[in-house]
>>> print(open('start-v4.txt').read())   # compact mmCIF, C-alpha atoms and all ligand atoms
# COMPACT_ATOMS: atom_id res chain seq x y z
CA MET T 1 -2.70 -17.39 -8.62
CA VAL T 2 -1.86 -14.56 -6.29
CA LYS T 3 -1.25 -14.85 -2.56
CA ILE T 4 -1.10 -11.74 -0.40
CA ASN T 5 0.92 -12.07 2.80
CA TYR T 6 0.55 -9.36 5.41
CA ILE T 7 3.94 -8.62 6.97
CA TYR T 8 3.89 -5.48 9.13
CA HIS T 9 2.24 -2.03 9.07
CA SER T 10 2.04 -1.29 5.31
CA CYS T 11 4.31 -4.11 4.21
CA PHE T 12 2.95 -7.01 2.19
CA ALA T 13 4.67 -9.78 0.26
CA VAL T 14 2.64 -10.71 -2.79
CA GLU T 15 3.40 -14.05 -4.40
CA THR T 16 2.51 -14.47 -8.04
CA ASP T 17 3.28 -17.36 -10.40
CA ASN T 18 6.64 -15.91 -11.33
CA SER T 19 7.43 -13.10 -8.88
CA LEU T 20 7.50 -11.96 -5.28
CA LEU T 21 6.46 -8.32 -4.81
CA VAL T 22 7.43 -6.75 -1.50
CA TYR T 23 5.69 -3.47 -0.73
CA ASP T 24 6.83 -0.80 1.73
CA TYR T 25 9.14 -2.99 3.79
CA TRP T 26 9.83 -1.41 7.19
CA LYS T 27 9.98 -4.38 9.62
CA ASP T 28 9.51 -8.10 9.27
CA SER T 29 6.76 -9.90 11.20
CA GLN T 30 7.61 -11.59 14.51
CA ASP T 31 7.83 -14.97 12.82
CA MET T 32 10.13 -13.57 10.09
CA LYS T 33 7.65 -14.38 7.36
CA LEU T 34 9.14 -11.91 4.91
CA HIS T 35 12.63 -13.35 5.17
CA THR T 36 11.27 -16.87 4.86
CA LEU T 37 9.38 -15.93 1.69
CA ILE T 38 12.41 -14.19 0.22
CA GLU T 39 14.69 -17.13 1.00
CA SER T 40 12.27 -19.67 -0.43
CA ARG T 41 11.43 -17.68 -3.58
CA GLY T 42 13.32 -20.09 -5.85
CA ASP T 43 13.52 -18.60 -9.32
CA LYS T 44 10.75 -16.08 -8.77
CA GLN T 45 11.75 -12.51 -9.56
CA LEU T 46 12.01 -10.43 -6.38
CA TYR T 47 10.74 -6.84 -6.39
CA PHE T 48 10.77 -4.14 -3.73
CA ILE T 49 8.15 -1.47 -4.40
CA GLU T 50 8.57 1.71 -2.34
CA SER T 51 5.71 4.18 -2.21
CA HIS T 52 7.52 6.93 -0.31
CA PHE T 53 10.50 7.61 1.92
CA HIS T 54 8.81 7.83 5.37
CA GLU T 55 10.44 5.80 8.10
CA ASP T 56 7.44 3.52 8.60
CA HIS T 57 7.62 2.44 4.93
CA PHE T 58 11.32 1.97 4.37
CA ASN T 59 14.21 -0.32 5.26
CA PRO T 60 17.67 0.15 3.69
CA GLU T 61 17.99 -3.64 3.54
CA ILE T 62 16.10 -3.58 0.23
CA GLN T 63 19.43 -2.75 -1.41
CA ALA T 64 21.03 -5.96 -0.14
CA TYR T 65 19.47 -8.26 -2.74
CA ALA T 66 21.53 -8.03 -5.89
CA ASP T 67 18.94 -9.78 -8.05
CA ALA T 68 15.96 -7.74 -6.80
CA ARG T 69 14.27 -5.09 -8.90
CA LEU T 70 13.75 -1.89 -6.91
CA LEU T 71 10.82 0.19 -8.11
CA ILE T 72 10.97 3.25 -5.93
CA SER T 73 9.30 6.62 -5.73
CA TYR T 74 11.24 9.79 -6.63
CA ASP T 75 11.30 11.00 -3.00
CA THR T 76 12.69 7.66 -1.76
CA SER T 77 15.40 7.87 -4.39
CA LYS T 78 16.30 11.38 -3.30
CA ARG T 79 15.92 11.18 0.49
CA ARG T 80 17.31 7.66 0.88
CA ARG T 81 19.95 8.15 -1.81
CA ILE T 82 19.12 5.18 -3.99
CA LYS T 83 19.83 5.95 -7.61
CA PRO T 84 19.99 3.85 -10.77
CA PRO T 85 21.40 1.31 -11.38
CA VAL T 86 20.66 0.17 -7.79
CA ALA T 87 17.15 1.47 -8.35
CA THR T 88 15.66 -0.33 -11.33
CA ALA T 89 13.16 2.50 -11.81
CA VAL T 90 12.56 5.84 -10.10
CA LEU T 91 8.88 6.66 -10.34
CA ARG T 92 6.73 9.77 -10.30
CA PRO T 93 2.95 9.87 -10.55
CA ALA T 94 1.85 9.08 -14.14
CA ASP T 95 5.02 7.07 -14.85
CA ILE T 96 4.64 3.53 -16.12
CA TYR T 97 7.18 0.75 -15.54
CA GLU T 98 6.93 -2.43 -17.55
CA ASP T 99 8.93 -5.64 -17.81
CA GLU T 100 8.35 -9.28 -18.72
CA TYR T 101 6.33 -9.99 -15.54
CA LEU T 102 4.25 -6.91 -14.80
CA LYS T 103 3.18 -3.41 -15.68
CA LEU T 104 3.16 -0.85 -12.86
CA TYR T 105 1.31 2.45 -13.01
CA ALA T 106 2.65 5.03 -10.56
CA LEU T 107 -0.27 7.07 -9.27
CA ARG T 108 -0.79 10.17 -7.18
CA SER T 109 -0.86 10.17 -3.39
CA THR T 110 -2.44 12.75 -1.09
CA ASP T 111 0.76 12.46 0.95
CA VAL T 112 4.27 12.22 -0.44
CA GLY T 113 5.43 9.75 -3.11
CA ILE T 114 3.19 7.47 -5.10
CA ALA T 115 0.48 4.84 -4.94
CA SER T 116 0.82 1.97 -7.40
CA LEU T 117 -1.36 -0.20 -9.56
CA VAL T 118 0.23 -3.39 -10.83
CA SER T 119 -1.19 -5.38 -13.68
CA LEU T 120 0.09 -8.93 -14.12
CA SER T 121 0.24 -10.67 -17.49
CA ASP T 122 -2.89 -12.74 -16.65
CA GLY T 123 -4.85 -9.53 -16.06
CA THR T 124 -4.79 -9.62 -12.23
CA THR T 125 -4.63 -6.13 -10.73
CA ILE T 126 -3.08 -5.13 -7.40
CA TYR T 127 -3.28 -1.68 -5.81
CA HIS T 128 -1.11 -0.52 -2.90
CA ALA T 129 -2.04 2.93 -1.64
CA GLY T 130 1.20 3.88 0.09
CA ASP T 131 0.00 6.87 2.11
CA ASN T 132 -2.76 7.78 -0.34
CA ASN T 133 -5.89 8.24 1.76
CA ASN T 134 -8.46 10.85 2.62
CA TRP T 135 -6.51 12.13 5.64
CA TYR T 136 -9.57 13.79 7.11
CA PHE T 137 -8.41 14.72 10.60
CA PRO T 138 -11.39 16.61 12.02
CA GLU T 139 -9.47 17.38 15.18
CA ASN T 140 -6.05 18.99 15.20
CA GLU T 141 -6.05 19.04 11.40
CA GLU T 142 -3.32 21.68 11.37
CA GLU T 143 -0.98 19.21 13.08
CA HIS T 144 -1.57 16.53 10.49
CA ILE T 145 -2.30 18.08 7.12
CA ARG T 146 -1.03 21.16 5.38
CA CYS T 147 -4.31 22.00 3.68
CA SER T 148 -7.97 22.36 4.61
CA LEU T 149 -10.21 19.31 5.05
CA ASP T 150 -12.04 20.35 1.86
CA GLU T 151 -8.81 20.43 -0.08
CA MET T 152 -7.78 17.06 1.32
CA GLU T 153 -11.06 15.49 0.29
CA GLY T 154 -10.88 17.10 -3.16
CA MET T 155 -7.38 15.76 -3.67
CA PHE T 156 -8.37 12.26 -2.61
CA LEU T 157 -11.45 12.16 -4.85
CA SER T 158 -9.38 13.39 -7.76
CA ASN T 159 -6.85 10.60 -7.09
CA LEU T 160 -9.73 8.12 -7.23
CA LYS T 161 -10.66 9.52 -10.63
CA GLU T 162 -7.10 8.94 -11.75
CA VAL T 163 -7.40 5.26 -10.79
CA ARG T 164 -10.70 5.05 -12.69
CA THR T 165 -9.06 6.31 -15.87
CA ILE T 166 -7.05 3.07 -15.79
CA THR T 167 -9.55 0.63 -14.29
CA LYS T 168 -12.86 0.63 -12.44
CA ALA T 169 -12.21 -2.71 -10.74
CA VAL T 170 -9.16 -3.94 -8.82
CA ASP T 171 -8.66 -7.51 -7.62
CA TYR T 172 -6.44 -6.87 -4.56
CA VAL T 173 -6.36 -3.59 -2.66
CA MET T 174 -4.05 -2.67 0.24
CA PHE T 175 -5.26 0.54 1.80
CA PRO T 176 -4.72 2.58 5.02
CA VAL T 177 -7.27 2.17 7.80
CA ASP T 178 -5.71 4.46 10.36
CA PRO T 179 -7.25 4.63 13.86
CA ARG T 180 -5.70 8.05 14.40
CA LEU T 181 -8.49 9.37 12.14
CA GLY T 182 -11.05 8.53 14.83
CA ASN T 183 -14.61 8.65 13.50
CA GLU T 184 -13.29 9.37 10.00
CA MET T 185 -11.20 6.18 9.91
CA LEU T 186 -13.32 4.72 7.11
CA ARG T 187 -14.06 7.90 5.16
CA GLY T 188 -11.46 7.25 2.45
CA VAL T 189 -12.05 3.48 2.55
CA CYS T 190 -15.77 3.85 1.77
CA GLN T 191 -15.11 6.42 -0.96
CA TRP T 192 -12.67 3.97 -2.51
CA LEU T 193 -15.06 0.99 -2.26
CA GLN T 194 -17.95 3.01 -3.72
CA GLN T 195 -15.92 4.00 -6.76
CA ILE T 196 -13.61 1.07 -7.38
CA GLN T 197 -15.05 -2.41 -7.47
CA THR T 198 -12.71 -4.27 -5.12
CA GLY T 199 -12.22 -8.03 -5.02
CA HIS T 200 -10.17 -8.36 -1.84
CA PHE T 201 -9.54 -5.58 0.64
CA TYR T 202 -6.55 -5.55 3.02
CA PRO T 203 -6.40 -2.87 5.71
CA MET T 204 -2.95 -1.54 6.58
CA HIS T 205 -1.22 1.36 8.37
CA CYS T 206 -3.17 0.46 11.54
CA TRP T 207 -0.33 1.02 14.05
CA GLY T 208 -1.12 -2.37 15.61
CA ARG T 209 -4.56 -1.14 16.70
CA TRP T 210 -6.35 -4.02 14.97
CA ASP T 211 -9.21 -4.29 17.48
CA GLU T 212 -10.42 -0.83 16.51
CA VAL T 213 -9.88 -1.48 12.82
CA VAL T 214 -11.79 -4.77 12.79
CA SER T 215 -14.74 -3.46 14.82
CA GLU T 216 -15.09 -0.42 12.50
CA LEU T 217 -14.84 -2.50 9.34
CA GLU T 218 -17.19 -5.32 10.38
CA PRO T 219 -20.48 -3.39 9.82
CA VAL T 220 -19.15 -1.92 6.55
CA LYS T 221 -18.68 -5.39 5.05
CA ASP T 222 -22.44 -5.70 4.51
CA LEU T 223 -22.46 -2.58 2.34
CA PHE T 224 -19.95 -4.11 -0.04
CA PRO T 225 -20.97 -7.78 -0.38
CA GLU T 226 -18.80 -8.32 -3.45
CA THR T 227 -15.65 -7.44 -1.56
CA GLU T 228 -13.80 -9.91 0.63
CA PHE T 229 -12.21 -8.26 3.65
CA ASP T 230 -9.00 -9.81 4.92
CA TYR T 231 -7.81 -9.09 8.45
CA SER T 232 -4.89 -11.48 8.51
CA GLY T 233 -2.78 -8.62 9.83
CA ALA T 234 -4.77 -8.80 13.05
CA GLN T 235 -3.12 -12.13 13.86
CA CYS T 236 0.37 -10.71 13.64
CA LYS T 237 0.51 -9.45 17.21
CA GLU T 238 2.03 -6.08 16.48
CA GLU T 239 2.48 -3.89 19.49
CA PRO T 240 -0.06 -1.07 19.36
CA VAL T 241 1.61 2.27 18.65
CA PHE T 242 -0.08 5.42 19.84
CA LEU T 243 1.24 8.48 18.09
CA GLU T 244 0.00 11.94 18.89
ZN ZN V 301 3.03 5.93 6.89
>>> encode(input="start-v4.txt", output="C-alpha cells")
Amino acid sequence: MVKINYIYHSCFAVETDNSLLVYDYWKDSQDMKLHTLIESRGDKQLYFIESHFHEDHFNPEIQAYADARLLISYDTSKRRRIKPPVATAVLRPADIYEDEYLKLYALRSTDVGIASLVSLSDGTTIYHAGDNNNWYFPENEEEHIRCSLDEMEGMFLSNLKEVRTITKAVDYVMFPVDPRLGNEMLRGVCQWLQQIQTGHFYPMHCWGRWDEVVSELEPVKDLFPETEFDYSGAQCKEEPVFLE
C-alpha cells in the first residue's frame, strides 16, 4: 500500500510498507504534516529525494536526520555542498540507485537536475517530475526559458520517450501544473497523460494558485477516465504566490 501526502509546493511524503519517501522538501504544511510523518515513521526507512537545487525545492534540514538516505541530484550536491557520505547517492540522468527497498531511475529534466521514477519491490511505480515540464511560455519566453518554444517542446517530448523506455504506465505521478504558463498550463500535463498511462495524478508547483489549477484540470479529467486526479494540495491553504 502506498499513501501520497501532499505537503507544500512540490513536496510530498510518500508512505510505503517499509519506507517514507520525502520529495523536494522546501517548507512543511501549516499543520506540520511532514514533521508528524517523520516523527511517527517507526522503523520505516526515511529518504529525502532532491530533484534539483532551486530554492523552492530544497531545505538544508534534510541533513539533520542521521538515519535518512539522501538521494540527491548532482546540482544539489554541488550547489548546496552535500557530498557523500552525507549524500547516500548523487544522481545524474540515466543513473540508477538501488537498495533493499526500492530502485530509483534518475531521468532527464527540461530544467536543471533530474526527475525520478521509483519502483518498489511489489512493482508499484512512482514518478516525481521535479521541474521537468513542457515550459511553454508563449509570452515573455525569453525571460523564462533559454531556448525556443520548439526546442523546449522537443526536449520535453524526448524526456517522455525516455520514461517510456522504462515503463509505459506509472501508478503515482507528481507533476507541475504551473499557472504562470497561462493557457499552456496543461500542455505538458496532457502530453504526459497521452503517452504514459497514469493511475493517480497529483498536481504540484502551483504557487498556491489552486483555484486556477483545479478549474483547468476539471474538464481534462473526462479525457483520461482511467486516471484519478488528486487535488488534496488545494486544501492546504498555501498563500498564493505571484511571481513575474
Ligand atoms: Zn521550482
>>> closest_residue(input="start-v4.txt", among="T:Asn133, T:Gln30, T:Asn159, T:Ser77", to="ligand ZN 301 (chain V)", atoms="only C-alpha atoms and all ligand atoms")
T:Asn133
>>> residues_near_ligand(input="start-v4.txt", ligand="ligand ZN 301 (chain V)", cutoff="8 Å", atoms="only C-alpha atoms and all ligand atoms", output="list in words")
Ser10, His54, Glu55, Asp56, His57, Gly130, Asp131 and His205 of chain T
>>> closest_residue(input="start-v4.txt", among="T:Arg92, T:Lys27, T:Arg187, T:Arg180", to="Gly113 (chain T)", atoms="all atoms listed in the file")
T:Arg92
>>> atom_distance(input="start-v4.txt", atom1="CA of Ser29 (chain T)", atom2="CA of Ser51 (chain T)")
19.5 Å
>>> residues_near_point(input="start-v4.txt", point="(6.7, -4.3, -12.9)", cutoff="10 Å", atoms="all atoms listed in the file", output="PDB file with C-alpha atoms, in the coordinates of the input")
ATOM      1  CA  SER T  19       7.430 -13.100  -8.880  1.00  0.00           C
ATOM      2  CA  LEU T  21       6.460  -8.320  -4.810  1.00  0.00           C
ATOM      3  CA  TYR T  47      10.740  -6.840  -6.390  1.00  0.00           C
ATOM      4  CA  ILE T  49       8.150  -1.470  -4.400  1.00  0.00           C
ATOM      5  CA  ARG T  69      14.270  -5.090  -8.900  1.00  0.00           C
ATOM      6  CA  LEU T  70      13.750  -1.890  -6.910  1.00  0.00           C
ATOM      7  CA  LEU T  71      10.820   0.190  -8.110  1.00  0.00           C
ATOM      8  CA  THR T  88      15.660  -0.330 -11.330  1.00  0.00           C
ATOM      9  CA  ALA T  89      13.160   2.500 -11.810  1.00  0.00           C
ATOM     10  CA  ILE T  96       4.640   3.530 -16.120  1.00  0.00           C
ATOM     11  CA  TYR T  97       7.180   0.750 -15.540  1.00  0.00           C
ATOM     12  CA  GLU T  98       6.930  -2.430 -17.550  1.00  0.00           C
ATOM     13  CA  ASP T  99       8.930  -5.640 -17.810  1.00  0.00           C
ATOM     14  CA  GLU T 100       8.350  -9.280 -18.720  1.00  0.00           C
ATOM     15  CA  TYR T 101       6.330  -9.990 -15.540  1.00  0.00           C
ATOM     16  CA  LEU T 102       4.250  -6.910 -14.800  1.00  0.00           C
ATOM     17  CA  LYS T 103       3.180  -3.410 -15.680  1.00  0.00           C
ATOM     18  CA  LEU T 104       3.160  -0.850 -12.860  1.00  0.00           C
ATOM     19  CA  TYR T 105       1.310   2.450 -13.010  1.00  0.00           C
ATOM     20  CA  LEU T 117      -1.360  -0.200  -9.560  1.00  0.00           C
ATOM     21  CA  VAL T 118       0.230  -3.390 -10.830  1.00  0.00           C
ATOM     22  CA  SER T 119      -1.190  -5.380 -13.680  1.00  0.00           C
ATOM     23  CA  LEU T 120       0.090  -8.930 -14.120  1.00  0.00           C
TER      24      LEU T 120
END
>>> closest_residue(input="start-v4.txt", among="T:Cys190, T:Met174, T:Leu20, T:Leu181", to="Tyr6 (chain T)", atoms="only C-alpha atoms")
T:Met174
>>> closest_residue(input="start-v4.txt", among="T:Ser215, T:Gln197, T:Thr76, T:Asn132", to="Glu228 (chain T)", atoms="all atoms listed in the file")
T:Gln197
>>> closest_atom_pairs(input="start-v4.txt", of="region 50-150 of chain T", to="region 35-42 of chain T", cutoff="12 Å", atoms="only C-alpha atoms", output="JSON lines")
{"residue": "T:Glu61", "atom": "CA", "partner": "T:His35", "partner_atom": "CA", "distance": 11.2}
{"residue": "T:Ile62", "atom": "CA", "partner": "T:Ile38", "partner_atom": "CA", "distance": 11.2}
{"residue": "T:Ala64", "atom": "CA", "partner": "T:Ile38", "partner_atom": "CA", "distance": 11.9}
{"residue": "T:Tyr65", "atom": "CA", "partner": "T:Ile38", "partner_atom": "CA", "distance": 9.7}
{"residue": "T:Asp67", "atom": "CA", "partner": "T:Ile38", "partner_atom": "CA", "distance": 11.4}
{"residue": "T:Ala68", "atom": "CA", "partner": "T:Ile38", "partner_atom": "CA", "distance": 10.2}
>>> atom_distance(input="start-v4.txt", atom1="CA of His9 (chain T)", atom2="CA of Phe201 (chain T)")
14.9 Å
>>> closest_residue(input="start-v4.txt", among="T:Lys3, T:His52, T:Arg209, T:His200", to="Thr110 (chain T)", atoms="all atoms listed in the file")
T:His52
>>> atom_distance(input="start-v4.txt", atom1="CA of Tyr172 (chain T)", atom2="CA of Tyr202 (chain T)")
7.7 Å
>>> residues_around(input="start-v4.txt", residues="Ala115 (chain T)", least_positions_apart="5", cutoff="6 Å", atoms="all atoms listed in the file", output="PyMOL selection string")
chain T and resi 51+107-109+128-130
>>> residues_near_point(input="start-v4.txt", point="(-3.4, -4.0, 17.9)", cutoff="12 Å", atoms="all atoms listed in the file", output="number ranges by chain")
T: 8-9, 178-179, 204-215, 231, 233-242
>>> closest_residue(input="start-v4.txt", among="T:Gln195, T:Ile126, T:Asp111, T:Glu143", to="Met155 (chain T)", atoms="only C-alpha atoms")
T:Asp111
>>> axis_aligned_box(input="start-v4.txt", around="region 64-80 of chain T", padding_each_side="5 Å", output="lines of an AutoDock Vina configuration file")
center_x = 15.4
center_y = 0.8
center_z = -4.0
size_x = 22.2
size_y = 31.2
size_z = 19.8
>>> build_atoms(input="start-v4.txt", residues="region 85-108 of chain T", atoms="N, CA and C atoms", output="compact mmCIF listing (two decimals), in the frame of the given file")
# COMPACT_ATOMS: atom_id res chain seq x y z
N PRO T 85 22.09 2.56 -11.02
CA PRO T 85 21.40 1.31 -11.38
C PRO T 85 20.90 0.49 -10.17
N VAL T 86 21.20 0.94 -8.93
CA VAL T 86 20.66 0.17 -7.79
C VAL T 86 19.13 0.20 -7.85
N ALA T 87 18.59 1.38 -8.09
CA ALA T 87 17.15 1.47 -8.35
C ALA T 87 16.89 1.05 -9.79
N THR T 88 16.01 0.11 -9.97
CA THR T 88 15.66 -0.33 -11.33
C THR T 88 14.85 0.77 -12.02
N ALA T 89 13.95 1.40 -11.26
CA ALA T 89 13.16 2.50 -11.81
C ALA T 89 12.86 3.49 -10.70
N VAL T 90 12.94 4.76 -11.02
CA VAL T 90 12.56 5.84 -10.10
C VAL T 90 11.27 6.45 -10.64
N LEU T 91 10.22 6.40 -9.81
CA LEU T 91 8.88 6.66 -10.34
C LEU T 91 8.23 7.91 -9.79
N ARG T 92 7.59 8.64 -10.67
CA ARG T 92 6.73 9.77 -10.30
C ARG T 92 5.31 9.43 -10.72
N PRO T 93 4.32 10.11 -10.11
CA PRO T 93 2.95 9.87 -10.55
C PRO T 93 2.85 10.03 -12.08
N ALA T 94 2.09 9.13 -12.69
CA ALA T 94 1.85 9.08 -14.14
C ALA T 94 2.94 8.30 -14.89
N ASP T 95 4.03 7.91 -14.19
CA ASP T 95 5.02 7.07 -14.85
C ASP T 95 4.50 5.63 -14.96
N ILE T 96 4.99 4.94 -15.96
CA ILE T 96 4.64 3.53 -16.12
C ILE T 96 5.94 2.73 -16.23
N TYR T 97 6.05 1.66 -15.44
CA TYR T 97 7.18 0.75 -15.54
C TYR T 97 6.66 -0.58 -16.08
N GLU T 98 7.39 -1.15 -17.00
CA GLU T 98 6.93 -2.43 -17.55
C GLU T 98 8.10 -3.35 -17.81
N ASP T 99 7.94 -4.63 -17.45
CA ASP T 99 8.93 -5.64 -17.81
C ASP T 99 8.22 -6.92 -18.20
N GLU T 100 8.96 -8.03 -18.22
CA GLU T 100 8.35 -9.28 -18.72
C GLU T 100 7.30 -9.86 -17.77
N TYR T 101 7.25 -9.39 -16.51
CA TYR T 101 6.33 -9.99 -15.54
C TYR T 101 5.13 -9.10 -15.21
N LEU T 102 5.32 -7.80 -15.28
CA LEU T 102 4.25 -6.91 -14.80
C LEU T 102 4.34 -5.53 -15.45
N LYS T 103 3.22 -4.80 -15.28
CA LYS T 103 3.18 -3.41 -15.68
C LYS T 103 2.75 -2.63 -14.44
N LEU T 104 3.49 -1.61 -14.06
CA LEU T 104 3.16 -0.85 -12.86
C LEU T 104 2.86 0.60 -13.23
N TYR T 105 1.68 1.05 -12.83
CA TYR T 105 1.31 2.45 -13.01
C TYR T 105 1.59 3.18 -11.70
N ALA T 106 2.44 4.19 -11.74
CA ALA T 106 2.65 5.03 -10.56
C ALA T 106 1.55 6.08 -10.54
N LEU T 107 0.90 6.20 -9.37
CA LEU T 107 -0.27 7.07 -9.27
C LEU T 107 -0.06 8.11 -8.18
N ARG T 108 -0.93 9.09 -8.17
CA ARG T 108 -0.79 10.17 -7.18
C ARG T 108 -1.15 9.71 -5.78
